[in-house]
Every structure is written in C-alpha cells, then in structure tokens.
Amino acid sequence: MKKLIKYILFIIAIVLADQATKWLVVENIPLYGHVPFWPGVIGWTYTKNIGAAWSMLEGQQWLFIAVFLVLTVLLLLEYFKFKMPFTGLERWLIAAIYGGGLGNVIDRVRLGYVVDMIKTEFISFPVFNVADCFITCGCILLILHLIFFNKQFWKEEKK
C-alpha cells in the first residue's frame with residue numbers, strides 16, 4: 001500500500017505541474033499569442049486543442065473521457081488483482097502516463113478542450129503541454145524497457 005501511495009503522490013505532482021503551467025499560460029498569454037523562451041528553440045504559444053494528438057478526432061471529448069475511465073479500471077484491476085510482472089520502473093512510467101492523461105482529462109471535463117502551450121521553433125511540430133510530455137516520454141520509455149529489459153513480462157506462464 002505504501003508504494004501505491006507513492007504512485008498516487010507522483011500522479012498528483014504531475015497533474016499539479018500540468019495544471020499550473022496551463023493556468024500561467026491562460027492568464028498571461030492571449031489565445032494564439034507567442035512568447036519566446038529560448039529563441040529559435042522553444043517558446044510558449046497558447047492554443048486550444050479539441051482533439052487528441054495533433055487534433056485528431058476533434059470534438060470527441062466523451063470518447064477520450066471514456067477511454068481514460070476504462071484505463072483507470074484496468075490499472076486498478078492490474079494493481080490489486082492480476083499483478084502483471086511489471087518492474088518498479090515500469091510502474092513509475094505507468095504512473096507518469098496516467099498522470100499526464102489525468103491532467104488532460106481535467107481540461108476536457110472542465111473546459112471542453114485541452115490547453116497546449118509548448119511550441120518547438122527548431123522543427124515543425126504541433127503545440128503540446130506538460131501532460132503530453134509525461135504521456136509521450138512515459139510510453140516510449142515503457143515500451144523500450146518492456147522490450148529490452150523485462151524478459152519476465154514476455155514469458156508465458158506455465159501451468
């Protein structure tokens with residue numbers, strides 16, 4: 001139970017960081033306004049995203065919320081009932097992904113869209129937010145760790 005509390009506190013910290021940055025941007029930058037942070041590299045641009053990644057599935061807020069609720073149920077079942085062979089690191093990465101997802105779901109429920117603000121200037125890339133960073137980095141690292149370092153995860157259970 002102590003580990004679960006640590007994961008929950010980590011998720012809360014991610015949500016607070018995400019919501020705080022979104023609040024700061026909304027309060028200080030006009031919609032579609034841009035403030036350079038590191039000229040030529042990265043800046044702040046306030047946008048509203050009514051879809052998923054790269055605005056896919058625009059206007060399908062109920063779908064994103066439903067998927068998040070299903071994910072929540074599956075994670076709870078896994079943690080308390082099924083106990084898949086995830087390593088400690090993998091559980092932290094799952095918590096990071098979940099925290100990012102929760103940050104964006106809060107926006108969807110509260111605002112009807114997700115606030116995005118991080119704009120790369122050195123490459124053409126969609127504007128994103130702190131939650132997206134945790135989701136993307138968490139997914140990439142989780143997949144890499146499962147493929148290259150957690151051989152137990154892929155072993156078939158012998159009966």
# chains A, B, ... in the order shown; residues from 1 in each chain; ligands from 1

$ select_by_dssp --residues "region 32-150 of chain A" --states "strand (DSSP E or B)" --output "VMD selection string"
chain A and resid 34 to 38 42 to 49 114 to 120 128

$ write_last_selection --atoms "N, CA and C atoms" --output "mmCIF file, in the first residue's frame"
data_model
loop_
_atom_site.group_PDB
_atom_site.id
_atom_site.type_symbol
_atom_site.label_atom_id
_atom_site.label_comp_id
_atom_site.auth_asym_id
_atom_site.auth_seq_id
_atom_site.Cartn_x
_atom_site.Cartn_y
_atom_site.Cartn_z
ATOM 1 N N HIS A 34 2.290 34.313 -28.744
ATOM 2 C CA HIS A 34 3.548 33.572 -28.615
ATOM 3 C C HIS A 34 4.551 34.380 -27.813
ATOM 4 N N VAL A 35 5.220 33.715 -26.878
ATOM 5 C CA VAL A 35 6.282 34.328 -26.082
ATOM 6 C C VAL A 35 7.524 33.448 -26.223
ATOM 7 N N PRO A 36 8.596 33.972 -26.826
ATOM 8 C CA PRO A 36 9.814 33.158 -26.950
ATOM 9 C C PRO A 36 10.391 32.832 -25.572
ATOM 10 N N PHE A 37 10.849 31.615 -25.404
ATOM 11 C CA PHE A 37 11.504 31.218 -24.162
ATOM 12 C C PHE A 37 12.998 31.073 -24.426
ATOM 13 N N TRP A 38 13.325 30.301 -25.432
ATOM 14 C CA TRP A 38 14.693 30.134 -25.906
ATOM 15 C C TRP A 38 14.608 30.349 -27.410
ATOM 16 N N ILE A 42 12.550 26.993 -28.501
ATOM 17 C CA ILE A 42 11.260 26.683 -27.881
ATOM 18 C C ILE A 42 10.608 27.959 -27.359
ATOM 19 N N GLY A 43 9.303 27.984 -27.360
ATOM 20 C CA GLY A 43 8.569 29.133 -26.848
ATOM 21 C C GLY A 43 7.212 28.711 -26.326
ATOM 22 N N TRP A 44 6.472 29.681 -25.830
ATOM 23 C CA TRP A 44 5.129 29.449 -25.283
ATOM 24 C C TRP A 44 4.096 30.009 -26.254
ATOM 25 N N THR A 45 3.162 29.187 -26.684
ATOM 26 C CA THR A 45 2.078 29.599 -27.567
ATOM 27 C C THR A 45 0.789 29.009 -27.013
ATOM 28 N N TYR A 46 -0.156 29.856 -26.640
ATOM 29 C CA TYR A 46 -1.413 29.387 -26.064
ATOM 30 C C TYR A 46 -2.366 28.952 -27.167
ATOM 31 N N THR A 47 -2.714 27.662 -27.178
ATOM 32 C CA THR A 47 -3.695 27.131 -28.122
ATOM 33 C C THR A 47 -4.700 26.256 -27.380
ATOM 34 N N LYS A 48 -5.840 26.035 -28.027
ATOM 35 C CA LYS A 48 -6.869 25.142 -27.507
ATOM 36 C C LYS A 48 -6.950 23.932 -28.429
ATOM 37 N N ASN A 49 -6.828 22.749 -27.858
ATOM 38 C CA ASN A 49 -6.861 21.512 -28.630
ATOM 39 C C ASN A 49 -8.163 20.778 -28.317
ATOM 40 N N VAL A 114 -8.287 20.923 -24.448
ATOM 41 C CA VAL A 114 -7.024 20.835 -23.708
ATOM 42 C C VAL A 114 -6.187 22.062 -24.037
ATOM 43 N N VAL A 115 -5.631 22.686 -23.016
ATOM 44 C CA VAL A 115 -4.739 23.832 -23.203
ATOM 45 C C VAL A 115 -3.355 23.300 -23.579
ATOM 46 N N ASP A 116 -2.849 23.754 -24.710
ATOM 47 C CA ASP A 116 -1.495 23.420 -25.147
ATOM 48 C C ASP A 116 -0.677 24.696 -25.182
ATOM 49 N N MET A 117 0.645 24.579 -24.950
ATOM 50 C CA MET A 117 1.438 25.800 -24.883
ATOM 51 C C MET A 117 2.906 25.675 -25.267
ATOM 52 N N ILE A 118 3.448 24.502 -25.380
ATOM 53 C CA ILE A 118 4.872 24.368 -25.674
ATOM 54 C C ILE A 118 5.044 24.251 -27.183
ATOM 55 N N LYS A 119 5.770 25.205 -27.763
ATOM 56 C CA LYS A 119 5.947 25.272 -29.220
ATOM 57 C C LYS A 119 7.422 25.142 -29.543
ATOM 58 N N THR A 120 7.759 24.112 -30.297
ATOM 59 C CA THR A 120 9.141 23.980 -30.757
ATOM 60 C C THR A 120 9.342 24.901 -31.950
ATOM 61 N N PHE A 128 2.182 21.407 -27.722
ATOM 62 C CA PHE A 128 1.828 20.387 -26.741
ATOM 63 C C PHE A 128 1.905 20.971 -25.343
#

$ residues_around --residues "Asp132 (chain A)" --least-positions-apart "5" --cutoff "10 Å" --atoms "only C-alpha atoms" --output "short mmCIF file (atom, residue, chain, number, x, y, z; two decimals) with C-alpha atoms, in the first residue's frame"
data_model
loop_
_atom_site.label_atom_id
_atom_site.label_comp_id
_atom_site.auth_asym_id
_atom_site.auth_seq_id
_atom_site.Cartn_x
_atom_site.Cartn_y
_atom_site.Cartn_z
CA ASP A 18 0.47 20.42 -15.72
CA ALA A 53 -2.70 14.24 -30.54
CA ILE A 97 1.43 8.20 -18.33
CA GLY A 99 -0.78 11.47 -14.51
CA GLY A 100 -0.42 13.08 -17.93
CA GLY A 101 -3.69 11.57 -19.06
CA GLY A 103 -4.11 16.34 -16.49
CA ASN A 104 -5.60 16.40 -19.97
CA ASP A 116 -1.49 23.42 -25.15
CA ILE A 118 4.87 24.37 -25.67
CA VAL A 127 2.00 22.58 -29.86
CA CYS A 137 8.06 10.05 -22.68
CA GLY A 138 6.37 7.54 -20.36
#

$ select_by_dssp --residues "region 34-90 of chain A" --states "alpha helix (DSSP H)" --output "ChimeraX atom specification"
/A:61-77,88-90

$ atom_distance --atom1 "CA of Arg110 (chain A)" --atom2 "CA of Tyr7 (chain A)"
24.2 Å

$ closest_residue --among "A:Tyr32, A:Trp23, A:Tyr98, A:Tyr79" --to "Ile11 (chain A)" --atoms "only C-alpha atoms"
A:Tyr98

$ residues_around --residues "Ile5 (chain A)" --least-positions-apart "5" --cutoff "12 Å" --atoms "only C-alpha atoms" --output "number ranges by chain"
A: 10-12, 92, 95

$ write_last_selection --atoms "C-alpha atoms" --output "PDB file, in the first residue's frame"
ATOM      1  CA  PHE A  10       3.632  11.221  -8.150  1.00  0.00           C
ATOM      2  CA  ILE A  11       0.445  11.383 -10.241  1.00  0.00           C
ATOM      3  CA  ILE A  12      -0.799  14.335  -8.165  1.00  0.00           C
ATOM      4  CA  TRP A  92       6.555   4.586 -12.260  1.00  0.00           C
ATOM      5  CA  ALA A  95       2.021   6.397 -13.224  1.00  0.00           C
TER       6      ALA A  95
END

$ residues_around --residues "Val109 (chain A)" --least-positions-apart "2" --cutoff "12 Å" --atoms "only C-alpha atoms" --output "list in words"
Ile50, Gln60, Gln61, Trp62, Leu63, Phe64, Ile65, Ala66, Phe68, Leu102, Gly103, Asn104, Val105, Ile106, Asp107, Leu111, Gly112, Tyr113 and Val114 of chain A

$ atom_distance --atom1 "CA of Leu31 (chain A)" --atom2 "CA of Pro126 (chain A)"
15.5 Å

$ closest_residue --among "A:Leu75, A:Ile29, A:Ala131, A:Ala13" --to "Arg91 (chain A)" --atoms "only C-alpha atoms"
A:Leu75

$ closest_residue --among "A:Gly33, A:Leu9, A:Val25, A:Asn150" --to "Glu90 (chain A)" --atoms "only C-alpha atoms"
A:Asn150

$ residues_around --residues "Ile143 (chain A)" --least-positions-apart "3" --cutoff "12 Å" --atoms "only C-alpha atoms" --output "JSON, numbers by chain"
{"A": [86, 89, 90, 93, 94, 97, 136, 137, 138, 139, 140, 146, 147, 148, 149, 150, 153]}

$ decode --residues "region 66-112 of chain A" --atoms "N, CA and C atoms" --output "PDB file, in the first residue's frame"
ATOM      1  N   ALA A  66     -14.109   8.452 -21.842  1.00  0.00           N
ATOM      2  CA  ALA A  66     -14.469   7.034 -21.699  1.00  0.00           C
ATOM      3  C   ALA A  66     -13.222   6.149 -21.726  1.00  0.00           C
ATOM      4  N   VAL A  67     -12.305   6.425 -22.653  1.00  0.00           N
ATOM      5  CA  VAL A  67     -11.065   5.644 -22.745  1.00  0.00           C
ATOM      6  C   VAL A  67     -10.264   5.797 -21.447  1.00  0.00           C
ATOM      7  N   PHE A  68     -10.209   7.009 -20.911  1.00  0.00           N
ATOM      8  CA  PHE A  68      -9.471   7.238 -19.674  1.00  0.00           C
ATOM      9  C   PHE A  68     -10.110   6.471 -18.512  1.00  0.00           C
ATOM     10  N   LEU A  69     -11.434   6.449 -18.440  1.00  0.00           N
ATOM     11  CA  LEU A  69     -12.122   5.710 -17.376  1.00  0.00           C
ATOM     12  C   LEU A  69     -11.871   4.208 -17.494  1.00  0.00           C
ATOM     13  N   VAL A  70     -11.886   3.679 -18.711  1.00  0.00           N
ATOM     14  CA  VAL A  70     -11.581   2.260 -18.917  1.00  0.00           C
ATOM     15  C   VAL A  70     -10.142   1.973 -18.493  1.00  0.00           C
ATOM     16  N   LEU A  71      -9.215   2.846 -18.872  1.00  0.00           N
ATOM     17  CA  LEU A  71      -7.819   2.698 -18.467  1.00  0.00           C
ATOM     18  C   LEU A  71      -7.696   2.691 -16.940  1.00  0.00           C
ATOM     19  N   THR A  72      -8.429   3.552 -16.285  1.00  0.00           N
ATOM     20  CA  THR A  72      -8.406   3.608 -14.816  1.00  0.00           C
ATOM     21  C   THR A  72      -8.849   2.282 -14.215  1.00  0.00           C
ATOM     22  N   VAL A  73      -9.944   1.741 -14.707  1.00  0.00           N
ATOM     23  CA  VAL A  73     -10.440   0.456 -14.200  1.00  0.00           C
ATOM     24  C   VAL A  73      -9.416  -0.649 -14.447  1.00  0.00           C
ATOM     25  N   LEU A  74      -8.836  -0.688 -15.641  1.00  0.00           N
ATOM     26  CA  LEU A  74      -7.835  -1.708 -15.964  1.00  0.00           C
ATOM     27  C   LEU A  74      -6.599  -1.594 -15.075  1.00  0.00           C
ATOM     28  N   LEU A  75      -6.156  -0.368 -14.822  1.00  0.00           N
ATOM     29  CA  LEU A  75      -4.991  -0.183 -13.947  1.00  0.00           C
ATOM     30  C   LEU A  75      -5.285  -0.639 -12.523  1.00  0.00           C
ATOM     31  N   LEU A  76      -6.466  -0.325 -12.028  1.00  0.00           N
ATOM     32  CA  LEU A  76      -6.836  -0.759 -10.680  1.00  0.00           C
ATOM     33  C   LEU A  76      -6.941  -2.279 -10.600  1.00  0.00           C
ATOM     34  N   LEU A  77      -7.529  -2.900 -11.606  1.00  0.00           N
ATOM     35  CA  LEU A  77      -7.607  -4.363 -11.632  1.00  0.00           C
ATOM     36  C   LEU A  77      -6.219  -4.982 -11.673  1.00  0.00           C
ATOM     37  N   GLU A  78      -5.348  -4.415 -12.506  1.00  0.00           N
ATOM     38  CA  GLU A  78      -3.993  -4.944 -12.598  1.00  0.00           C
ATOM     39  C   GLU A  78      -3.267  -4.806 -11.275  1.00  0.00           C
ATOM     40  N   TYR A  79      -3.386  -3.660 -10.637  1.00  0.00           N
ATOM     41  CA  TYR A  79      -2.627  -3.421  -9.412  1.00  0.00           C
ATOM     42  C   TYR A  79      -3.123  -4.289  -8.252  1.00  0.00           C
ATOM     43  N   PHE A  80      -4.432  -4.425  -8.128  1.00  0.00           N
ATOM     44  CA  PHE A  80      -4.979  -5.130  -6.969  1.00  0.00           C
ATOM     45  C   PHE A  80      -5.308  -6.597  -7.222  1.00  0.00           C
ATOM     46  N   LYS A  81      -5.500  -7.007  -8.465  1.00  0.00           N
ATOM     47  CA  LYS A  81      -5.947  -8.369  -8.714  1.00  0.00           C
ATOM     48  C   LYS A  81      -4.977  -9.199  -9.552  1.00  0.00           C
ATOM     49  N   PHE A  82      -4.568  -8.697 -10.720  1.00  0.00           N
ATOM     50  CA  PHE A  82      -3.830  -9.523 -11.664  1.00  0.00           C
ATOM     51  C   PHE A  82      -2.317  -9.500 -11.478  1.00  0.00           C
ATOM     52  N   LYS A  83      -1.767  -8.436 -11.009  1.00  0.00           N
ATOM     53  CA  LYS A  83      -0.323  -8.312 -10.734  1.00  0.00           C
ATOM     54  C   LYS A  83       0.544  -8.804 -11.884  1.00  0.00           C
ATOM     55  N   MET A  84       0.516  -8.073 -12.977  1.00  0.00           N
ATOM     56  CA  MET A  84       1.377  -8.400 -14.110  1.00  0.00           C
ATOM     57  C   MET A  84       2.832  -8.180 -13.703  1.00  0.00           C
ATOM     58  N   PRO A  85       3.772  -8.843 -14.386  1.00  0.00           N
ATOM     59  CA  PRO A  85       5.182  -8.752 -13.971  1.00  0.00           C
ATOM     60  C   PRO A  85       5.879  -7.456 -14.419  1.00  0.00           C
ATOM     61  N   PHE A  86       5.330  -6.315 -13.990  1.00  0.00           N
ATOM     62  CA  PHE A  86       5.982  -5.040 -14.267  1.00  0.00           C
ATOM     63  C   PHE A  86       7.066  -4.803 -13.229  1.00  0.00           C
ATOM     64  N   THR A  87       8.158  -4.188 -13.649  1.00  0.00           N
ATOM     65  CA  THR A  87       9.210  -3.811 -12.707  1.00  0.00           C
ATOM     66  C   THR A  87       8.779  -2.524 -12.000  1.00  0.00           C
ATOM     67  N   GLY A  88       9.529  -2.143 -10.981  1.00  0.00           N
ATOM     68  CA  GLY A  88       9.244  -0.893 -10.279  1.00  0.00           C
ATOM     69  C   GLY A  88       9.318   0.300 -11.217  1.00  0.00           C
ATOM     70  N   LEU A  89      10.334   0.338 -12.075  1.00  0.00           N
ATOM     71  CA  LEU A  89      10.478   1.432 -13.032  1.00  0.00           C
ATOM     72  C   LEU A  89       9.269   1.494 -13.961  1.00  0.00           C
ATOM     73  N   GLU A  90       8.829   0.347 -14.431  1.00  0.00           N
ATOM     74  CA  GLU A  90       7.679   0.320 -15.331  1.00  0.00           C
ATOM     75  C   GLU A  90       6.419   0.833 -14.647  1.00  0.00           C
ATOM     76  N   ARG A  91       6.251   0.550 -13.382  1.00  0.00           N
ATOM     77  CA  ARG A  91       5.088   1.068 -12.639  1.00  0.00           C
ATOM     78  C   ARG A  91       5.173   2.598 -12.502  1.00  0.00           C
ATOM     79  N   TRP A  92       6.394   3.128 -12.308  1.00  0.00           N
ATOM     80  CA  TRP A  92       6.555   4.586 -12.260  1.00  0.00           C
ATOM     81  C   TRP A  92       6.224   5.205 -13.623  1.00  0.00           C
ATOM     82  N   LEU A  93       6.625   4.534 -14.689  1.00  0.00           N
ATOM     83  CA  LEU A  93       6.320   5.042 -16.031  1.00  0.00           C
ATOM     84  C   LEU A  93       4.821   4.998 -16.309  1.00  0.00           C
ATOM     85  N   ILE A  94       4.161   3.944 -15.852  1.00  0.00           N
ATOM     86  CA  ILE A  94       2.699   3.859 -15.991  1.00  0.00           C
ATOM     87  C   ILE A  94       2.044   4.989 -15.208  1.00  0.00           C
ATOM     88  N   ALA A  95       2.554   5.285 -14.021  1.00  0.00           N
ATOM     89  CA  ALA A  95       2.021   6.397 -13.224  1.00  0.00           C
ATOM     90  C   ALA A  95       2.228   7.729 -13.951  1.00  0.00           C
ATOM     91  N   ALA A  96       3.371   7.898 -14.616  1.00  0.00           N
ATOM     92  CA  ALA A  96       3.632   9.127 -15.375  1.00  0.00           C
ATOM     93  C   ALA A  96       2.636   9.269 -16.524  1.00  0.00           C
ATOM     94  N   ILE A  97       2.397   8.181 -17.233  1.00  0.00           N
ATOM     95  CA  ILE A  97       1.431   8.195 -18.334  1.00  0.00           C
ATOM     96  C   ILE A  97       0.041   8.532 -17.800  1.00  0.00           C
ATOM     97  N   TYR A  98      -0.322   7.893 -16.707  1.00  0.00           N
ATOM     98  CA  TYR A  98      -1.639   8.121 -16.116  1.00  0.00           C
ATOM     99  C   TYR A  98      -1.775   9.568 -15.634  1.00  0.00           C
ATOM    100  N   GLY A  99      -0.746  10.085 -14.988  1.00  0.00           N
ATOM    101  CA  GLY A  99      -0.783  11.473 -14.512  1.00  0.00           C
ATOM    102  C   GLY A  99      -0.957  12.457 -15.652  1.00  0.00           C
ATOM    103  N   GLY A 100      -0.254  12.231 -16.749  1.00  0.00           N
ATOM    104  CA  GLY A 100      -0.421  13.083 -17.925  1.00  0.00           C
ATOM    105  C   GLY A 100      -1.824  12.980 -18.491  1.00  0.00           C
ATOM    106  N   GLY A 101      -2.331  11.770 -18.573  1.00  0.00           N
ATOM    107  CA  GLY A 101      -3.693  11.573 -19.061  1.00  0.00           C
ATOM    108  C   GLY A 101      -4.720  12.255 -18.181  1.00  0.00           C
ATOM    109  N   LEU A 102      -4.524  12.168 -16.868  1.00  0.00           N
ATOM    110  CA  LEU A 102      -5.443  12.810 -15.933  1.00  0.00           C
ATOM    111  C   LEU A 102      -5.407  14.332 -16.088  1.00  0.00           C
ATOM    112  N   GLY A 103      -4.220  14.890 -16.280  1.00  0.00           N
ATOM    113  CA  GLY A 103      -4.109  16.336 -16.486  1.00  0.00           C
ATOM    114  C   GLY A 103      -4.910  16.793 -17.689  1.00  0.00           C
ATOM    115  N   ASN A 104      -4.849  16.034 -18.776  1.00  0.00           N
ATOM    116  CA  ASN A 104      -5.603  16.395 -19.973  1.00  0.00           C
ATOM    117  C   ASN A 104      -7.099  16.126 -19.818  1.00  0.00           C
ATOM    118  N   VAL A 105      -7.459  15.067 -19.100  1.00  0.00           N
ATOM    119  CA  VAL A 105      -8.882  14.779 -18.869  1.00  0.00           C
ATOM    120  C   VAL A 105      -9.517  15.887 -18.029  1.00  0.00           C
ATOM    121  N   ILE A 106      -8.777  16.401 -17.070  1.00  0.00           N
ATOM    122  CA  ILE A 106      -9.296  17.512 -16.258  1.00  0.00           C
ATOM    123  C   ILE A 106      -9.649  18.688 -17.165  1.00  0.00           C
ATOM    124  N   ASP A 107      -8.786  19.013 -18.116  1.00  0.00           N
ATOM    125  CA  ASP A 107      -9.083  20.086 -19.072  1.00  0.00           C
ATOM    126  C   ASP A 107     -10.329  19.766 -19.891  1.00  0.00           C
ATOM    127  N   ARG A 108     -10.417  18.553 -20.381  1.00  0.00           N
ATOM    128  CA  ARG A 108     -11.555  18.171 -21.226  1.00  0.00           C
ATOM    129  C   ARG A 108     -12.877  18.299 -20.475  1.00  0.00           C
ATOM    130  N   VAL A 109     -12.893  17.854 -19.223  1.00  0.00           N
ATOM    131  CA  VAL A 109     -14.125  17.922 -18.432  1.00  0.00           C
ATOM    132  C   VAL A 109     -14.437  19.370 -18.052  1.00  0.00           C
ATOM    133  N   ARG A 110     -13.425  20.092 -17.615  1.00  0.00           N
ATOM    134  CA  ARG A 110     -13.620  21.458 -17.113  1.00  0.00           C
ATOM    135  C   ARG A 110     -13.824  22.474 -18.224  1.00  0.00           C
ATOM    136  N   LEU A 111     -13.075  22.341 -19.321  1.00  0.00           N
ATOM    137  CA  LEU A 111     -13.069  23.369 -20.365  1.00  0.00           C
ATOM    138  C   LEU A 111     -13.676  22.924 -21.698  1.00  0.00           C
ATOM    139  N   GLY A 112     -13.711  21.617 -21.945  1.00  0.00           N
ATOM    140  CA  GLY A 112     -14.168  21.120 -23.236  1.00  0.00           C
ATOM    141  C   GLY A 112     -13.053  21.053 -24.264  1.00  0.00           C
TER     142      GLY A 112
END
